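A.B. asks: For reference, the structure I am asking about is given below.
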Amino acid sequence: MAEARSIPFAGYREIDVDEMRRRARDFREAMERRRTVRDFSDRSVPRDIIEDCLRTAATAPSGANMQPWRFVVISDPQIKHRIRVAAEEEERHFYQHRASQEWLEALAPLGTDEHKPFLETAPYLIAVFEQRYGHLPDGRKLKHYYPNESVGLATGVLLTAIHLAGLVALTHTPSPMKFLNGILGRPKHERPFLLLVVGYPAADAQVPDIQRKDFQELVSFV
Ligand code: IYR
């Protein structure tokens with residue numbers, strides 16, 4: 001096996017167990033304060049902060065380290081407007097025709113509907129694309145492994161970075177999202193994965209009073 005390794009392996013730096021405990025608890029407490037926000041301020045956010053969050057997202061593990069993601073950061077008001085118009089059209093169809101009664105009931109506590117003003121209000125939208133395959137320098141296709149899982153992981157890391165930076169985000173999933181390829185000029189083999197809305201919360205922003213599951217309900221030790 002060892003002969004197959006063509007890259008150097010880095011060492012592991014061990015952390016004192018009490019320090020480990022402190023870090024785990026501090027991180028949990030910080031993450032427990034994360035909430036999805038749907039009312040955004042139009043205040044601008046320095047671009048370098050968004051860039052750092054994206055660099056953090058790119059540290060996520062991925063199948064065979066193929067890093068099958070592409071992030072398109074949108075701040076241009078005209079592009080945001082086009083995205084809003086296209087997303088609201090899809091959403092209108094979803095809320096009026098496509099969604100089952102059961103689905104609408106599940107969404108009711110969140111208070112969502114087809115109106116998506118935040119797509120224009122927030123300073124940044126980040127469209128996350130999943131690449132089914134990449135390209136070698138000679139142009140040949142390179143298959144990507146576990147692209148769904150990989151891009152989901154990177155998006156989770158991105159949301160974490162955005163939260164720890166002190167910003168808020170909304171994971172928005174207009175369905176279908178193919179219009180994003182057209183508006184953003186992305187190739188066919190890139191599948192829109194989701195659209196993140198990022199910025200400051202509006203001064204009067206409120207979040208629904210929903211709870212996270214009890215620990216016992218989500219974890220089993222065997
Ligand atoms: N895409 C729609 C509907 C929606 C679906 C789920 I699942 C949500 O958790 C929230 C909304 C919308 O964005 O309104």
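Ordering of the structure tokens sets the chain letters (A, B, ...), residue numbers begin anew at 1 in every chain, and ligands are numbered from 1 in the order given.
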Please identify every polymer residue within 8 Å of ligand 1, using only C-alpha atoms and all ligand atoms, and present the set as an NGL selection string.
C.D. replies: :A and (91 or 94-95 or 103 or 107 or 110 or 112-116 or 172-175)
A.B. asks: Those same residues - C-alpha atoms - I'd like them written as a PDB file, in the first residue's frame.
C.D. replies:
```
ATOM      1  CA  GLU A  91     -41.984  29.117  -6.471  1.00  0.00           C
ATOM      2  CA  PHE A  94     -44.577  25.134  -6.482  1.00  0.00           C
ATOM      3  CA  TYR A  95     -46.885  26.727  -3.905  1.00  0.00           C
ATOM      4  CA  TRP A 103     -45.564  19.433   2.091  1.00  0.00           C
ATOM      5  CA  LEU A 107     -43.696  24.398   5.584  1.00  0.00           C
ATOM      6  CA  LEU A 110     -41.793  28.521   8.630  1.00  0.00           C
ATOM      7  CA  THR A 112     -42.563  30.686   3.540  1.00  0.00           C
ATOM      8  CA  ASP A 113     -44.371  31.584   0.324  1.00  0.00           C
ATOM      9  CA  GLU A 114     -43.570  32.421  -3.289  1.00  0.00           C
ATOM     10  CA  HIS A 115     -42.338  35.934  -2.509  1.00  0.00           C
ATOM     11  CA  LYS A 116     -38.557  36.092  -2.308  1.00  0.00           C
ATOM     12  CA  HIS A 172     -32.893  28.654  -0.649  1.00  0.00           C
ATOM     13  CA  THR A 173     -33.930  25.877  -2.994  1.00  0.00           C
ATOM     14  CA  PRO A 174     -36.123  27.092  -5.829  1.00  0.00           C
ATOM     15  CA  SER A 175     -37.103  23.985  -7.708  1.00  0.00           C
TER      16      SER A 175
END
```
A.B. asks: Identify, with DSSP run on backbone atoms, the residues in stretch 47-183 of chain A assigned to alpha helix (DSSP H), and express the list as a PyMOL selection string.
C.D. replies: chain A and resi 47-57+77-93+101-107+118-121+147-165+179-183
A.B. asks: As an exercise, work out the distance from atom CA of A:Asp18 to atom CA of A:Ala57 in Å and give it to one decimal place.
C.D. replies: 27.6 Å
A.B. asks: Within 10 Å of A:Thr36, counting only C-alpha atoms, which residues show up once you throw out same-chain ones fewer than 3 positions away? Write them as a list in words, please.
C.D. replies: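 So, after excluding close chain neighbours, the residues are Asp39, Leu159, His163, Val168, Ala169, Leu170, Thr171, Val197, Pro201, Gln206, Val207 and Pro208 of chain A.
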A.B. asks: Contacts between stretch 191-196 of chain A and stretch 105-167 of chain A, please, where a residue of stretch 105-167 of chain A counts if it comes within 7 Å (with only C-alpha atoms); show its shortest atom pair and distance in Å to one decimal, rows by chain and ascending number, as CSV.
C.D. replies:
```
residue,atom,partner,partner_atom,distance
A:Leu125,CA,A:Leu196,CA,5.5
A:Ile126,CA,A:Leu196,CA,4.9
A:Ala127,CA,A:Leu195,CA,4.5
A:Val128,CA,A:Phe193,CA,5.4
A:Phe129,CA,A:Pro192,CA,4.4
A:Glu130,CA,A:Arg191,CA,5.0
A:Gln131,CA,A:Arg191,CA,6.4
```
A.B. asks: Suppose we keep C-alpha atoms; can you now write the selection as an mmCIF file, in the first residue's frame?
C.D. replies:
```
data_model
loop_
_atom_site.group_PDB
_atom_site.id
_atom_site.type_symbol
_atom_site.label_atom_id
_atom_site.label_comp_id
_atom_site.auth_asym_id
_atom_site.auth_seq_id
_atom_site.Cartn_x
_atom_site.Cartn_y
_atom_site.Cartn_z
ATOM 1 C CA LEU A 125 -26.246 35.397 -3.158
ATOM 2 C CA ILE A 126 -23.989 32.378 -3.465
ATOM 3 C CA ALA A 127 -25.071 29.821 -6.040
ATOM 4 C CA VAL A 128 -23.537 26.440 -5.253
ATOM 5 C CA PHE A 129 -23.067 24.129 -8.233
ATOM 6 C CA GLU A 130 -22.234 20.440 -8.212
ATOM 7 C CA GLN A 131 -19.921 19.217 -10.958
#
```
A.B. asks: Measuring atom to atom with only C-alpha atoms, identify which of A:Ala202, A:Ala122, A:Val157, A:Ala10 is nearest to A:Lys80.
C.D. replies: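 With only C-alpha atoms as the atom set, the closest residue is A:Ala122.
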A.B. asks: Report, in Å to a single decimal, how far apart atom CA of A:Ile83 and atom CA of A:Lys178 are.
C.D. replies: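 Value for the atom CA of A:Lys178-atom CA of A:Ile83 distance: 11.0 Å.
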A.B. asks: Using only C-alpha atoms, pick whichever of A:Lys188, A:Arg132, A:Arg47, A:Lys213 has the shortest atom-to-atom distance to A:Ser75.
C.D. replies: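 Under the stated criterion, the closest residue is A:Arg47.
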A.B. asks: Using atom CA of A:Phe71 and atom CA of A:Arg35 as the two end points, give the distance in Å to one decimal.
C.D. replies: 22.0 Å
A.B. asks: Using only C-alpha atoms, which of the listed residues (A:Val222, A:Ala86, A:Ala205, A:Met66) sits closest to A:Ile183?
C.D. replies: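 The closest residue to A:Ile183 is A:Ala86.
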A.B. asks: Of the candidates A:Phe118, A:Tyr146, A:Tyr200, A:Trp69, which shows the shortest atom-to-atom distance to A:Val85, using only C-alpha atoms?
C.D. replies: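 Looking only at the distances to A:Val85, the closest residue turns out to be A:Phe118.
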A.B. asks: I want to know what sits within 12 Å of A:Arg55, based on only C-alpha atoms, with residues of the same chain fewer than 2 positions away left out; could you give that as a list in words?
C.D. replies: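 Everything that qualifies: Asp48, Ile49, Ile50, Glu51, Asp52, Cys53, Ala57, Ala58, Thr59, Ala60, Trp69, Arg70, Phe71, Ala154, Thr155, Val157, Leu158, Ala161 and Ile162 of chain A.
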A.B. asks: With a distance cut-off of 9 Å and only C-alpha atoms, select the neighbouring residues of A:Leu164, excluding the residue or stretch itself and same-chain residues fewer than 4 positions from it, and output the selection as a list in words.
C.D. replies: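 In the requested form, the answer reads Ala30, Met31, Arg34, Leu159 and Thr160 of chain A.
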A.B. asks: Keeping only N, CA and C atoms, take the residues you just selected and write them out as an mmCIF file, in the first residue's frame.
C.D. replies:
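File again.cif, as written:
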```cif
data_model
loop_
_atom_site.group_PDB
_atom_site.id
_atom_site.type_symbol
_atom_site.label_atom_id
_atom_site.label_comp_id
_atom_site.auth_asym_id
_atom_site.auth_seq_id
_atom_site.Cartn_x
_atom_site.Cartn_y
_atom_site.Cartn_z
ATOM 1 N N ALA A 30 -21.530 27.967 20.049
ATOM 2 C CA ALA A 30 -21.565 28.943 18.942
ATOM 3 C C ALA A 30 -22.534 28.472 17.855
ATOM 4 N N MET A 31 -22.501 27.190 17.553
ATOM 5 C CA MET A 31 -23.349 26.665 16.476
ATOM 6 C C MET A 31 -24.813 26.567 16.886
ATOM 7 N N ARG A 34 -26.859 29.390 15.638
ATOM 8 C CA ARG A 34 -27.153 29.584 14.213
ATOM 9 C C ARG A 34 -28.634 29.389 13.925
ATOM 10 N N LEU A 159 -21.844 27.300 5.498
ATOM 11 C CA LEU A 159 -22.843 27.873 6.416
ATOM 12 C C LEU A 159 -22.244 28.095 7.804
ATOM 13 N N THR A 160 -21.400 27.166 8.230
ATOM 14 C CA THR A 160 -20.738 27.287 9.528
ATOM 15 C C THR A 160 -19.807 28.500 9.536
#
```
A.B. asks: I'd like to know which of A:Thr56, A:Asn65, A:Ser6, A:Ser100 is closest to A:Gly156, using only C-alpha atoms.
C.D. replies: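 With only C-alpha atoms as the atom set, the closest residue is A:Thr56.
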A.B. asks: From chain A, collect each residue whose DSSP state is strand (DSSP E or B) and return the set as an MDAnalysis selection string.
C.D. replies: chainID A and resid 40 63 69:74 124:131 133:135 141:143 145 168:172 190:199 201
A.B. asks: Residues within 9 Å of A:Pro61, please, as a PDB file with all heavy atoms, in the first residue's frame. Count only C-alpha atoms; anything in the same chain fewer than 5 positions from it doesn't count.
C.D. replies:
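This went into selection_27.pdb:
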```pdb
ATOM      1  N   GLN A  67     -13.128  17.596  -5.194  1.00  0.00           N
ATOM      2  CA  GLN A  67     -13.619  18.964  -4.945  1.00  0.00           C
ATOM      3  C   GLN A  67     -14.621  19.411  -6.021  1.00  0.00           C
ATOM      4  O   GLN A  67     -14.388  20.376  -6.746  1.00  0.00           O
ATOM      5  CB  GLN A  67     -12.423  19.917  -4.843  1.00  0.00           C
ATOM      6  CG  GLN A  67     -11.411  19.433  -3.794  1.00  0.00           C
ATOM      7  CD  GLN A  67     -10.096  20.177  -3.800  1.00  0.00           C
ATOM      8  OE1 GLN A  67     -10.076  21.385  -3.667  1.00  0.00           O
ATOM      9  NE2 GLN A  67      -9.010  19.437  -3.957  1.00  0.00           N
ATOM     10  N   SER A 150     -20.309  15.329  -1.309  1.00  0.00           N
ATOM     11  CA  SER A 150     -19.196  16.274  -1.193  1.00  0.00           C
ATOM     12  C   SER A 150     -19.693  17.717  -1.175  1.00  0.00           C
ATOM     13  O   SER A 150     -19.259  18.531  -0.346  1.00  0.00           O
ATOM     14  CB  SER A 150     -18.232  16.076  -2.365  1.00  0.00           C
ATOM     15  OG  SER A 150     -17.799  14.731  -2.420  1.00  0.00           O
ATOM     16  N   LEU A 153     -21.420  18.549   2.026  1.00  0.00           N
ATOM     17  CA  LEU A 153     -20.458  18.802   3.101  1.00  0.00           C
ATOM     18  C   LEU A 153     -19.869  20.204   2.974  1.00  0.00           C
ATOM     19  O   LEU A 153     -19.770  20.949   3.954  1.00  0.00           O
ATOM     20  CB  LEU A 153     -19.338  17.746   3.060  1.00  0.00           C
ATOM     21  CG  LEU A 153     -19.758  16.337   3.494  1.00  0.00           C
ATOM     22  CD1 LEU A 153     -18.727  15.306   3.034  1.00  0.00           C
ATOM     23  CD2 LEU A 153     -19.916  16.280   5.001  1.00  0.00           C
ATOM     24  N   ALA A 154     -19.481  20.578   1.763  1.00  0.00           N
ATOM     25  CA  ALA A 154     -18.869  21.908   1.559  1.00  0.00           C
ATOM     26  C   ALA A 154     -19.872  23.009   1.898  1.00  0.00           C
ATOM     27  O   ALA A 154     -19.509  24.041   2.470  1.00  0.00           O
ATOM     28  CB  ALA A 154     -18.378  22.048   0.118  1.00  0.00           C
TER      29      ALA A 154
END
```
